[in-house]
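What follows is coords.cif (mmCIF, C-alpha atoms and all ligand atoms; chains and numbers go by the auth columns).
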data_coords
loop_
_atom_site.group_PDB
_atom_site.id
_atom_site.type_symbol
_atom_site.label_atom_id
_atom_site.label_comp_id
_atom_site.label_asym_id
_atom_site.label_seq_id
_atom_site.Cartn_x
_atom_site.Cartn_y
_atom_site.Cartn_z
_atom_site.B_iso_or_equiv
_atom_site.auth_seq_id
_atom_site.auth_asym_id
ATOM 1 C CA MET A 1 18.138 -101.385 -89.018 0.00 5 A
ATOM 2 C CA ALA A 2 18.046 -103.928 -91.859 0.00 6 A
ATOM 3 C CA LYS A 3 14.577 -105.010 -92.865 0.00 7 A
ATOM 4 C CA GLN A 4 13.462 -108.491 -91.935 0.00 8 A
ATOM 5 C CA ARG A 5 12.985 -110.853 -94.849 0.00 9 A
ATOM 6 C CA VAL A 6 11.048 -114.107 -94.676 0.00 10 A
ATOM 7 C CA LEU A 7 10.049 -116.922 -96.968 0.00 11 A
ATOM 8 C CA VAL A 8 6.678 -118.443 -96.114 0.00 12 A
ATOM 9 C CA LYS A 9 5.815 -121.871 -97.483 0.00 13 A
ATOM 10 C CA PHE A 10 2.163 -122.968 -97.686 0.00 14 A
ATOM 11 C CA SER A 11 1.151 -126.457 -98.699 0.00 15 A
ATOM 12 C CA GLY A 12 -1.081 -126.677 -101.738 0.00 16 A
ATOM 13 C CA GLU A 13 -3.352 -129.015 -99.826 0.00 17 A
ATOM 14 C CA ALA A 14 -4.262 -126.263 -97.364 0.00 18 A
ATOM 15 C CA LEU A 15 -5.672 -124.111 -100.182 0.00 19 A
ATOM 16 C CA ALA A 16 -8.278 -126.708 -101.010 0.00 20 A
ATOM 17 C CA GLY A 17 -10.357 -126.207 -97.866 0.00 21 A
ATOM 18 C CA GLU A 18 -13.247 -128.531 -97.032 0.00 22 A
ATOM 19 C CA SER A 19 -13.650 -129.915 -100.546 0.00 23 A
ATOM 20 C CA GLY A 20 -10.097 -131.315 -100.560 0.00 24 A
ATOM 21 C CA TYR A 21 -9.521 -130.209 -104.135 0.00 25 A
ATOM 22 C CA GLY A 22 -8.889 -126.996 -106.055 0.00 26 A
ATOM 23 C CA VAL A 23 -8.618 -123.531 -104.574 0.00 27 A
ATOM 24 C CA ASP A 24 -10.931 -122.134 -101.895 0.00 28 A
ATOM 25 C CA THR A 25 -10.980 -118.331 -102.238 0.00 29 A
ATOM 26 C CA SER A 26 -11.877 -117.815 -98.569 0.00 30 A
ATOM 27 C CA ILE A 27 -8.621 -119.578 -97.622 0.00 31 A
ATOM 28 C CA LEU A 28 -6.688 -117.514 -100.164 0.00 32 A
ATOM 29 C CA LYS A 29 -8.136 -114.379 -98.575 0.00 33 A
ATOM 30 C CA PHE A 30 -7.259 -115.560 -95.069 0.00 34 A
ATOM 31 C CA ILE A 31 -3.638 -116.197 -96.114 0.00 35 A
ATOM 32 C CA ALA A 32 -3.504 -112.825 -97.880 0.00 36 A
ATOM 33 C CA GLU A 33 -4.667 -111.092 -94.684 0.00 37 A
ATOM 34 C CA GLU A 34 -1.934 -112.855 -92.707 0.00 38 A
ATOM 35 C CA ILE A 35 0.695 -111.792 -95.237 0.00 39 A
ATOM 36 C CA LYS A 36 -0.660 -108.226 -95.198 0.00 40 A
ATOM 37 C CA GLN A 37 0.188 -107.996 -91.503 0.00 41 A
ATOM 38 C CA LEU A 38 3.802 -108.753 -92.385 0.00 42 A
ATOM 39 C CA ILE A 39 3.909 -106.258 -95.246 0.00 43 A
ATOM 40 C CA ASP A 40 2.259 -103.553 -93.107 0.00 44 A
ATOM 41 C CA SER A 41 5.001 -104.137 -90.521 0.00 45 A
ATOM 42 C CA GLY A 42 7.703 -103.501 -93.132 0.00 46 A
ATOM 43 C CA ILE A 43 8.747 -107.138 -93.474 0.00 47 A
ATOM 44 C CA GLU A 44 9.859 -108.369 -96.906 0.00 48 A
ATOM 45 C CA VAL A 45 7.951 -111.482 -97.929 0.00 49 A
ATOM 46 C CA GLY A 46 8.655 -114.292 -100.368 0.00 50 A
ATOM 47 C CA VAL A 47 6.081 -117.052 -100.776 0.00 51 A
ATOM 48 C CA VAL A 48 6.149 -120.635 -102.028 0.00 52 A
ATOM 49 C CA ILE A 49 2.954 -122.650 -102.419 0.00 53 A
ATOM 50 C CA GLY A 50 2.851 -126.389 -103.037 0.00 54 A
ATOM 51 C CA GLY A 51 0.664 -128.120 -105.566 0.00 55 A
ATOM 52 C CA GLY A 52 -0.752 -131.035 -103.582 0.00 56 A
ATOM 53 C CA ASN A 53 -4.333 -129.741 -103.870 0.00 57 A
ATOM 54 C CA ILE A 54 -4.147 -130.394 -107.614 0.00 58 A
ATOM 55 C CA ILE A 55 -1.591 -133.097 -108.343 0.00 59 A
ATOM 56 C CA ARG A 56 1.589 -134.673 -107.000 0.00 60 A
ATOM 57 C CA GLY A 57 4.101 -136.447 -109.214 0.00 61 A
ATOM 58 C CA VAL A 58 4.311 -139.592 -107.112 0.00 62 A
ATOM 59 C CA THR A 59 0.527 -140.002 -107.051 0.00 63 A
ATOM 60 C CA ALA A 60 0.116 -139.260 -110.754 0.00 64 A
ATOM 61 C CA ALA A 61 2.738 -141.906 -111.594 0.00 65 A
ATOM 62 C CA LYS A 62 1.334 -144.522 -109.212 0.00 66 A
ATOM 63 C CA ASP A 63 0.069 -147.036 -111.773 0.00 67 A
ATOM 64 C CA GLY A 64 2.925 -146.568 -114.254 0.00 68 A
ATOM 65 C CA ILE A 65 0.909 -144.978 -117.062 0.00 69 A
ATOM 66 C CA ILE A 66 2.272 -141.496 -116.425 0.00 70 A
ATOM 67 C CA LYS A 67 6.059 -141.330 -116.020 0.00 71 A
ATOM 68 C CA ARG A 68 7.323 -139.910 -112.722 0.00 72 A
ATOM 69 C CA THR A 69 9.162 -137.089 -114.487 0.00 73 A
ATOM 70 C CA SER A 70 5.999 -136.064 -116.363 0.00 74 A
ATOM 71 C CA GLY A 71 3.974 -136.355 -113.161 0.00 75 A
ATOM 72 C CA ASP A 72 6.464 -134.059 -111.457 0.00 76 A
ATOM 73 C CA TYR A 73 6.176 -131.487 -114.245 0.00 77 A
ATOM 74 C CA MET A 74 2.401 -131.683 -113.805 0.00 78 A
ATOM 75 C CA GLY A 75 2.954 -131.026 -110.097 0.00 79 A
ATOM 76 C CA MET A 76 5.156 -128.023 -110.879 0.00 80 A
ATOM 77 C CA LEU A 77 2.448 -126.645 -113.186 0.00 81 A
ATOM 78 C CA ALA A 78 -0.023 -127.064 -110.321 0.00 82 A
ATOM 79 C CA THR A 79 2.101 -124.763 -108.171 0.00 83 A
ATOM 80 C CA VAL A 80 1.865 -122.101 -110.899 0.00 84 A
ATOM 81 C CA ILE A 81 -1.944 -122.314 -110.813 0.00 85 A
ATOM 82 C CA ASN A 82 -1.820 -121.806 -107.035 0.00 86 A
ATOM 83 C CA ALA A 83 0.675 -118.948 -107.355 0.00 87 A
ATOM 84 C CA VAL A 84 -1.520 -117.080 -109.840 0.00 88 A
ATOM 85 C CA ALA A 85 -4.525 -117.571 -107.544 0.00 89 A
ATOM 86 C CA MET A 86 -2.562 -116.313 -104.531 0.00 90 A
ATOM 87 C CA GLN A 87 -1.329 -113.317 -106.511 0.00 91 A
ATOM 88 C CA GLU A 88 -4.953 -112.345 -107.165 0.00 92 A
ATOM 89 C CA ALA A 89 -5.911 -112.593 -103.485 0.00 93 A
ATOM 90 C CA LEU A 90 -2.920 -110.502 -102.399 0.00 94 A
ATOM 91 C CA GLU A 91 -3.682 -107.845 -105.019 0.00 95 A
ATOM 92 C CA TYR A 92 -7.342 -107.916 -103.983 0.00 96 A
ATOM 93 C CA LEU A 93 -6.180 -106.683 -100.583 0.00 97 A
ATOM 94 C CA GLY A 94 -4.027 -103.973 -102.159 0.00 98 A
ATOM 95 C CA MET A 95 -0.583 -105.552 -102.021 0.00 99 A
ATOM 96 C CA ARG A 96 1.908 -105.524 -104.869 0.00 100 A
ATOM 97 C CA VAL A 97 2.965 -108.933 -106.106 0.00 101 A
ATOM 98 C CA ARG A 98 5.119 -110.659 -108.691 0.00 102 A
ATOM 99 C CA VAL A 99 5.055 -114.349 -109.549 0.00 103 A
ATOM 100 C CA GLN A 100 8.390 -115.768 -110.663 0.00 104 A
ATOM 101 C CA SER A 101 8.453 -119.236 -112.170 0.00 105 A
ATOM 102 C CA ALA A 102 11.389 -121.631 -112.269 0.00 106 A
ATOM 103 C CA ILE A 103 10.063 -122.699 -115.678 0.00 107 A
ATOM 104 C CA LYS A 104 9.676 -120.008 -118.316 0.00 108 A
ATOM 105 C CA MET A 105 6.019 -119.035 -118.875 0.00 109 A
ATOM 106 C CA GLU A 106 6.260 -115.478 -120.035 0.00 110 A
ATOM 107 C CA GLN A 107 2.568 -114.902 -120.779 0.00 111 A
ATOM 108 C CA ILE A 108 1.691 -115.840 -117.214 0.00 112 A
ATOM 109 C CA CYS A 109 4.497 -114.612 -115.007 0.00 113 A
ATOM 110 C CA GLU A 110 8.114 -113.577 -114.746 0.00 114 A
ATOM 111 C CA THR A 111 10.927 -116.098 -114.891 0.00 115 A
ATOM 112 C CA PHE A 112 12.902 -116.599 -111.689 0.00 116 A
ATOM 113 C CA ILE A 113 15.901 -114.273 -111.580 0.00 117 A
ATOM 114 C CA VAL A 114 17.284 -113.943 -108.084 0.00 118 A
ATOM 115 C CA ARG A 115 18.567 -110.353 -108.450 0.00 119 A
ATOM 116 C CA ARG A 116 15.213 -109.272 -109.821 0.00 120 A
ATOM 117 C CA ALA A 117 13.376 -111.062 -107.021 0.00 121 A
ATOM 118 C CA ILE A 118 15.481 -109.264 -104.421 0.00 122 A
ATOM 119 C CA ARG A 119 14.783 -105.912 -106.092 0.00 123 A
ATOM 120 C CA HIS A 120 11.026 -106.610 -105.913 0.00 124 A
ATOM 121 C CA LEU A 121 11.327 -107.473 -102.223 0.00 125 A
ATOM 122 C CA GLU A 122 13.288 -104.299 -101.523 0.00 126 A
ATOM 123 C CA LYS A 123 10.507 -102.314 -103.170 0.00 127 A
ATOM 124 C CA GLY A 124 7.945 -103.913 -100.850 0.00 128 A
ATOM 125 C CA ARG A 125 6.520 -106.311 -103.412 0.00 129 A
ATOM 126 C CA ILE A 126 5.697 -109.860 -102.472 0.00 130 A
ATOM 127 C CA VAL A 127 7.398 -112.442 -104.666 0.00 131 A
ATOM 128 C CA ILE A 128 5.677 -115.795 -105.149 0.00 132 A
ATOM 129 C CA PHE A 129 8.146 -118.398 -106.354 0.00 133 A
ATOM 130 C CA ALA A 130 6.336 -120.905 -108.581 0.00 134 A
ATOM 131 C CA ALA A 131 7.141 -124.171 -110.398 0.00 135 A
ATOM 132 C CA GLY A 132 9.245 -125.500 -107.526 0.00 136 A
ATOM 133 C CA THR A 133 12.922 -125.834 -108.334 0.00 137 A
ATOM 134 C CA GLY A 134 12.069 -126.445 -111.986 0.00 138 A
ATOM 135 C CA ASN A 135 13.347 -130.016 -111.682 0.00 139 A
ATOM 136 C CA PRO A 136 11.547 -133.311 -111.148 0.00 140 A
ATOM 137 C CA PHE A 137 12.256 -135.408 -108.023 0.00 141 A
ATOM 138 C CA PHE A 138 12.238 -132.375 -105.745 0.00 142 A
ATOM 139 C CA THR A 139 9.526 -131.004 -103.491 0.00 143 A
ATOM 140 C CA THR A 140 8.211 -127.506 -102.966 0.00 144 A
ATOM 141 C CA ASP A 141 9.692 -127.669 -99.436 0.00 145 A
ATOM 142 C CA THR A 142 13.110 -127.974 -101.060 0.00 146 A
ATOM 143 C CA ALA A 143 12.225 -125.206 -103.525 0.00 147 A
ATOM 144 C CA ALA A 144 11.146 -122.992 -100.614 0.00 148 A
ATOM 145 C CA THR A 145 14.377 -123.670 -98.697 0.00 149 A
ATOM 146 C CA LEU A 146 16.452 -123.008 -101.802 0.00 150 A
ATOM 147 C CA ARG A 147 14.686 -119.723 -102.561 0.00 151 A
ATOM 148 C CA ALA A 148 14.886 -118.647 -98.909 0.00 152 A
ATOM 149 C CA ILE A 149 18.656 -119.095 -99.013 0.00 153 A
ATOM 150 C CA GLU A 150 18.993 -117.427 -102.408 0.00 154 A
ATOM 151 C CA ILE A 151 17.114 -114.294 -101.327 0.00 155 A
ATOM 152 C CA GLY A 152 18.934 -114.222 -97.974 0.00 156 A
ATOM 153 C CA ALA A 153 15.786 -114.712 -95.864 0.00 157 A
ATOM 154 C CA ASP A 154 16.218 -114.601 -92.088 0.00 158 A
ATOM 155 C CA MET A 155 14.129 -117.744 -91.777 0.00 159 A
ATOM 156 C CA ILE A 156 11.691 -120.000 -93.565 0.00 160 A
ATOM 157 C CA ILE A 157 8.239 -120.436 -92.055 0.00 161 A
ATOM 158 C CA LYS A 158 6.487 -123.642 -92.990 0.00 162 A
ATOM 159 C CA ALA A 159 2.827 -122.775 -92.494 0.00 163 A
ATOM 160 C CA THR A 160 0.902 -126.031 -92.127 0.00 164 A
ATOM 161 C CA LYS A 161 -2.222 -127.542 -90.642 0.00 165 A
ATOM 162 C CA VAL A 162 -0.411 -128.484 -87.405 0.00 166 A
ATOM 163 C CA ASP A 163 1.050 -126.101 -84.868 0.00 167 A
ATOM 164 C CA GLY A 164 4.577 -127.495 -84.809 0.00 168 A
ATOM 165 C CA VAL A 165 6.776 -130.564 -84.876 0.00 169 A
ATOM 166 C CA TYR A 166 5.740 -133.620 -82.856 0.00 170 A
ATOM 167 C CA ASP A 167 7.681 -136.729 -81.809 0.00 171 A
ATOM 168 C CA LYS A 168 5.020 -138.780 -83.605 0.00 172 A
ATOM 169 C CA ASP A 169 1.996 -138.072 -85.783 0.00 173 A
ATOM 170 C CA PRO A 170 -0.418 -136.036 -83.584 0.00 174 A
ATOM 171 C CA ASN A 171 -3.342 -137.078 -85.803 0.00 175 A
ATOM 172 C CA LYS A 172 -2.693 -140.746 -84.989 0.00 176 A
ATOM 173 C CA TYR A 173 -1.303 -140.681 -81.436 0.00 177 A
ATOM 174 C CA SER A 174 -2.980 -138.841 -78.581 0.00 178 A
ATOM 175 C CA ASP A 175 0.253 -138.909 -76.525 0.00 179 A
ATOM 176 C CA ALA A 176 2.312 -137.218 -79.262 0.00 180 A
ATOM 177 C CA LYS A 177 4.539 -134.526 -77.739 0.00 181 A
ATOM 178 C CA LYS A 178 5.253 -131.179 -79.375 0.00 182 A
ATOM 179 C CA LEU A 179 8.943 -130.312 -79.683 0.00 183 A
ATOM 180 C CA PRO A 180 9.488 -126.542 -79.277 0.00 184 A
ATOM 181 C CA THR A 181 13.104 -126.591 -80.534 0.00 185 A
ATOM 182 C CA LEU A 182 15.052 -129.125 -82.559 0.00 186 A
ATOM 183 C CA SER A 183 18.511 -129.296 -84.064 0.00 187 A
ATOM 184 C CA TYR A 184 18.835 -129.971 -87.795 0.00 188 A
ATOM 185 C CA ASP A 185 20.101 -133.467 -86.985 0.00 189 A
ATOM 186 C CA GLU A 186 17.052 -134.141 -84.811 0.00 190 A
ATOM 187 C CA ALA A 187 14.826 -132.922 -87.632 0.00 191 A
ATOM 188 C CA LEU A 188 16.450 -135.484 -89.930 0.00 192 A
ATOM 189 C CA ALA A 189 15.348 -138.411 -87.695 0.00 193 A
ATOM 190 C CA ASP A 190 12.922 -140.852 -89.316 0.00 194 A
ATOM 191 C CA ASN A 191 10.019 -140.292 -86.901 0.00 195 A
ATOM 192 C CA ILE A 192 10.184 -136.492 -87.216 0.00 196 A
ATOM 193 C CA LYS A 193 8.257 -134.913 -90.047 0.00 197 A
ATOM 194 C CA VAL A 194 9.379 -131.351 -90.644 0.00 198 A
ATOM 195 C CA MET A 195 10.409 -131.337 -94.277 0.00 199 A
ATOM 196 C CA ASP A 196 12.090 -133.879 -96.517 0.00 200 A
ATOM 197 C CA ASP A 197 15.768 -134.608 -95.871 0.00 201 A
ATOM 198 C CA THR A 198 16.958 -132.624 -98.906 0.00 202 A
ATOM 199 C CA SER A 199 15.357 -129.435 -97.543 0.00 203 A
ATOM 200 C CA ILE A 200 16.719 -129.958 -94.046 0.00 204 A
ATOM 201 C CA ALA A 201 20.225 -130.718 -95.314 0.00 205 A
ATOM 202 C CA LEU A 202 20.141 -127.522 -97.366 0.00 206 A
ATOM 203 C CA ALA A 203 18.868 -125.491 -94.401 0.00 207 A
ATOM 204 C CA LYS A 204 21.502 -127.022 -92.112 0.00 208 A
ATOM 205 C CA GLU A 205 24.374 -126.258 -94.450 0.00 209 A
ATOM 206 C CA ASN A 206 23.244 -122.670 -94.807 0.00 210 A
ATOM 207 C CA LYS A 207 22.161 -122.190 -91.165 0.00 211 A
ATOM 208 C CA LEU A 208 18.629 -121.224 -92.195 0.00 212 A
ATOM 209 C CA PRO A 209 16.180 -121.513 -89.273 0.00 213 A
ATOM 210 C CA ILE A 210 12.967 -123.416 -90.077 0.00 214 A
ATOM 211 C CA VAL A 211 9.828 -122.472 -88.181 0.00 215 A
ATOM 212 C CA VAL A 212 6.800 -124.769 -88.360 0.00 216 A
ATOM 213 C CA CYS A 213 3.468 -123.206 -87.420 0.00 217 A
ATOM 214 C CA ASP A 214 -0.290 -123.474 -87.782 0.00 218 A
ATOM 215 C CA MET A 215 -1.254 -121.367 -90.777 0.00 219 A
ATOM 216 C CA PHE A 216 -4.860 -121.037 -89.634 0.00 220 A
ATOM 217 C CA LYS A 217 -4.026 -119.319 -86.350 0.00 221 A
ATOM 218 C CA LYS A 218 -4.666 -115.619 -86.900 0.00 222 A
ATOM 219 C CA GLY A 219 -1.661 -113.385 -86.300 0.00 223 A
ATOM 220 C CA ASN A 220 0.762 -116.301 -86.086 0.00 224 A
ATOM 221 C CA LEU A 221 3.107 -115.222 -88.877 0.00 225 A
ATOM 222 C CA LEU A 222 3.553 -111.728 -87.483 0.00 226 A
ATOM 223 C CA ALA A 223 3.993 -113.040 -83.922 0.00 227 A
ATOM 224 C CA ILE A 224 6.797 -115.309 -85.144 0.00 228 A
ATOM 225 C CA MET A 225 8.516 -112.451 -86.968 0.00 229 A
ATOM 226 C CA GLN A 226 8.298 -110.458 -83.730 0.00 230 A
ATOM 227 C CA GLY A 227 10.171 -113.248 -81.942 0.00 231 A
ATOM 228 C CA ASP A 228 7.280 -115.120 -80.343 0.00 232 A
ATOM 229 C CA TYR A 229 7.886 -118.817 -80.938 0.00 233 A
ATOM 230 C CA GLU A 230 5.372 -119.949 -78.316 0.00 234 A
ATOM 231 C CA LYS A 231 2.843 -121.362 -80.767 0.00 235 A
ATOM 232 C CA CYS A 232 5.250 -123.134 -83.132 0.00 236 A
ATOM 233 C CA SER A 233 8.416 -125.247 -83.367 0.00 237 A
ATOM 234 C CA ILE A 234 11.808 -124.085 -84.535 0.00 238 A
ATOM 235 C CA VAL A 235 14.622 -126.041 -86.134 0.00 239 A
ATOM 236 C CA LYS A 236 17.981 -124.276 -85.845 0.00 240 A
HETATM 237 N N1 LIG B . 7.632 -130.771 -107.854 0.00 1 B
HETATM 238 C C1 LIG B . 8.777 -131.105 -108.564 0.00 1 B
HETATM 239 N N2 LIG B . 9.908 -130.361 -108.374 0.00 1 B
HETATM 240 C C2 LIG B . 9.965 -129.326 -107.492 0.00 1 B
HETATM 241 C C3 LIG B . 8.808 -129.016 -106.750 0.00 1 B
HETATM 242 C C4 LIG B . 7.654 -129.754 -106.946 0.00 1 B
HETATM 243 O O1 LIG B . 8.786 -132.028 -109.359 0.00 1 B
HETATM 244 O O2 LIG B . 11.030 -128.685 -107.372 0.00 1 B
HETATM 245 C C5 LIG B . 6.374 -131.510 -108.129 0.00 1 B
HETATM 246 C C6 LIG B . 6.255 -132.835 -107.386 0.00 1 B
HETATM 247 O O3 LIG B . 5.623 -133.761 -108.236 0.00 1 B
HETATM 248 C C7 LIG B . 5.355 -132.477 -106.217 0.00 1 B
HETATM 249 C C8 LIG B . 4.409 -131.479 -106.847 0.00 1 B
HETATM 250 O O4 LIG B . 5.262 -130.726 -107.718 0.00 1 B
HETATM 251 O O5 LIG B . 4.666 -133.592 -105.746 0.00 1 B
HETATM 252 C C9 LIG B . 3.673 -130.566 -105.899 0.00 1 B
HETATM 253 O O6 LIG B . 4.497 -130.108 -104.898 0.00 1 B
HETATM 254 P P1 LIG B . 4.427 -130.633 -103.354 0.00 1 B
HETATM 255 O O7 LIG B . 4.053 -132.075 -103.333 0.00 1 B
HETATM 256 O O8 LIG B . 5.700 -130.245 -102.697 0.00 1 B
HETATM 257 O O9 LIG B . 3.232 -129.758 -102.826 0.00 1 B
HETATM 258 P P2 LIG B . 2.580 -129.682 -101.351 0.00 1 B
HETATM 259 O O10 LIG B . 2.719 -131.024 -100.698 0.00 1 B
HETATM 260 O O11 LIG B . 3.340 -128.635 -100.588 0.00 1 B
HETATM 261 O O12 LIG B . 1.175 -129.261 -101.601 0.00 1 B
#
Would you mind giving the structure from this file in structure tokens?
Ligand code: UDP
Amino acid sequence: MAKQRVLVKFSGEALAGESGYGVDTSILKFIAEEIKQLIDSGIEVGVVIGGGNIIRGVTAAKDGIIKRTSGDYMGMLATVINAVAMQEALEYLGMRVRVQSAIKMEQICETFIVRRAIRHLEKGRIVIFAAGTGNPFFTTDTAATLRAIEIGADMIIKATKVDGVYDKDPNKYSDAKKLPTLSYDEALADNIKVMDDTSIALAKENKLPIVVCDMFKKGNLLAIMQGDYEKCSIVK
């Protein structure tokens, strides 16, 4: 039987923990333990981490002093910081890891080469894809979707602070309803926040299922890979 392959996307913001900034090592360790369950089950794992805990291009460029393009490059660099941190936590728990960056940084990590990434995955190594797509005006959600398609992942799991997709913001509306399954077109609707439209369009065209789940629920990632979609939402 062919091995399962998954791309898990974590937001940078989630890494920050209580302080709201930087990297909380207890959260890194928690994520590493969740990923270890996948690796121990023989699943091949690619990872993308955002950079929102450090800087986002749009925010950096808000008052016009920093150009949007430069802000976006700063954001991409932030994802490399997170990737290196995550690599450490995964290795701390005994896993084998490679970071591959979309922007060449040879003293820090490998450069993204899809064939090489696939070889790492086949050997049981985790590959963390850093620096987004390498281009400004994109998000790490789009980078994650792109990489998932490139490595032929069975699905992308967006591991977030909420346990799925709601018809409106569950933090603002108490009557917000969770949607267990959505079509790609439903996910593109204005009130639905799954990923940005570029990511969803890319997933739709390549028939890549998107699963949205609560990253802080222990055992969630493995349960999803074993076909239990009870505690999440799926776009397909
Ligand atoms: N970014 C970019 N191109 C990419 C991916 C990311 O320019 O392909 C920049 C962008 O400025 C973004 C920042 O990197 O705001 C951090 O990524 P993101 O906001 O997606 O992180 P998250 O919200 O997941 O923490």
Practice item. Do a neighbour search on Leu212 of chain A at 9 Å with all atoms listed in the file, toss out local chain neighbours closer than 6 positions, and write the hits as number ranges by chain. Key: A: 149, 152-153, 157-160, 206, 239-240
Exercise for review: Within 6 Å of ligand LIG 1 (chain B), which residues show up when you count all atoms listed in the file? List them as a VMD selection string, please.
Suggested key: chain A and resid 15 to 17 54 to 57 60 to 61 75 to 77 79 to 80 136 to 145 147
Those same residues, written as an mmCIF file, in the frame of the given file with C-alpha atoms?
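Result written to selection-v3.cif:
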data_model
loop_
_atom_site.group_PDB
_atom_site.id
_atom_site.type_symbol
_atom_site.label_atom_id
_atom_site.label_comp_id
_atom_site.auth_asym_id
_atom_site.auth_seq_id
_atom_site.Cartn_x
_atom_site.Cartn_y
_atom_site.Cartn_z
ATOM 1 C CA SER A 15 1.151 -126.457 -98.699
ATOM 2 C CA GLY A 16 -1.081 -126.677 -101.738
ATOM 3 C CA GLU A 17 -3.352 -129.015 -99.826
ATOM 4 C CA GLY A 54 2.851 -126.389 -103.037
ATOM 5 C CA GLY A 55 0.664 -128.120 -105.566
ATOM 6 C CA GLY A 56 -0.752 -131.035 -103.582
ATOM 7 C CA ASN A 57 -4.333 -129.741 -103.870
ATOM 8 C CA ARG A 60 1.589 -134.673 -107.000
ATOM 9 C CA GLY A 61 4.101 -136.447 -109.214
ATOM 10 C CA GLY A 75 3.974 -136.355 -113.161
ATOM 11 C CA ASP A 76 6.464 -134.059 -111.457
ATOM 12 C CA TYR A 77 6.176 -131.487 -114.245
ATOM 13 C CA GLY A 79 2.954 -131.026 -110.097
ATOM 14 C CA MET A 80 5.156 -128.023 -110.879
ATOM 15 C CA GLY A 136 9.245 -125.500 -107.526
ATOM 16 C CA THR A 137 12.922 -125.834 -108.334
ATOM 17 C CA GLY A 138 12.069 -126.445 -111.986
ATOM 18 C CA ASN A 139 13.347 -130.016 -111.682
ATOM 19 C CA PRO A 140 11.547 -133.311 -111.148
ATOM 20 C CA PHE A 141 12.256 -135.408 -108.023
ATOM 21 C CA PHE A 142 12.238 -132.375 -105.745
ATOM 22 C CA THR A 143 9.526 -131.004 -103.491
ATOM 23 C CA THR A 144 8.211 -127.506 -102.966
ATOM 24 C CA ASP A 145 9.692 -127.669 -99.436
ATOM 25 C CA ALA A 147 12.225 -125.206 -103.525
#
Review point. On this structure, which residues satisfy the PyMOL selection byres (((chain A and resi 25) around 12) and not hetatm), written as number ranges by chain?
Key: A: 16-24, 26-28, 55-59, 82, 86
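Compared by their closest atoms to Lys40 of chain A, and using all atoms listed in the file, the residues A:Lys13, A:Lys176, A:Arg129, A:Lys197 rank with A:Arg129 nearest.
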Exercise for review: Can you turn the PyMOL selection byres (((chain A and resi 112) around 9) and not hetatm) into a concrete residue list for this file, as an MDAnalysis selection string?
Suggested key: chainID A and resid 84 88 103 109:111 113:114
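Each of A:Lys211, A:Lys108, A:Lys33, A:Lys71 was compared to Leu94 of chain A using all atoms listed in the file, and A:Lys33 turns out to be the nearest.
For the choices A:Val198, A:Leu225, A:Leu32, A:Ala180, the atom-to-atom distance to Ile238 of chain A is smallest for A:Val198 when using all atoms listed in the file.
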Point to revise | Ground truth for the PyMOL selection byres (((chain A and resi 49-53) around 7) and not hetatm), written as a PyMOL selection string | key: chain A and resi 9-16+47-48+54-55+83+86-87+125+130-134+148
Exercise for review: Kindly give the distance, in Å, that separates atom CA of Arg100 of chain A and atom CA of Ile31 of chain A, rounded to a single decimal.
Suggested key: 19.0 Å
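Between atom CA of Leu150 of chain A and atom CA of Lys165 of chain A there is a distance of 22.2 Å.
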Practice item. Mind checking which residues fall within 10 Å of Cys217 of chain A, counting all atoms listed in the file, ignoring those fewer than 4 positions away in the same chain, and posting them as a ChimeraX atom specification? Key: /A:161-169,221,224-225,228,233-238
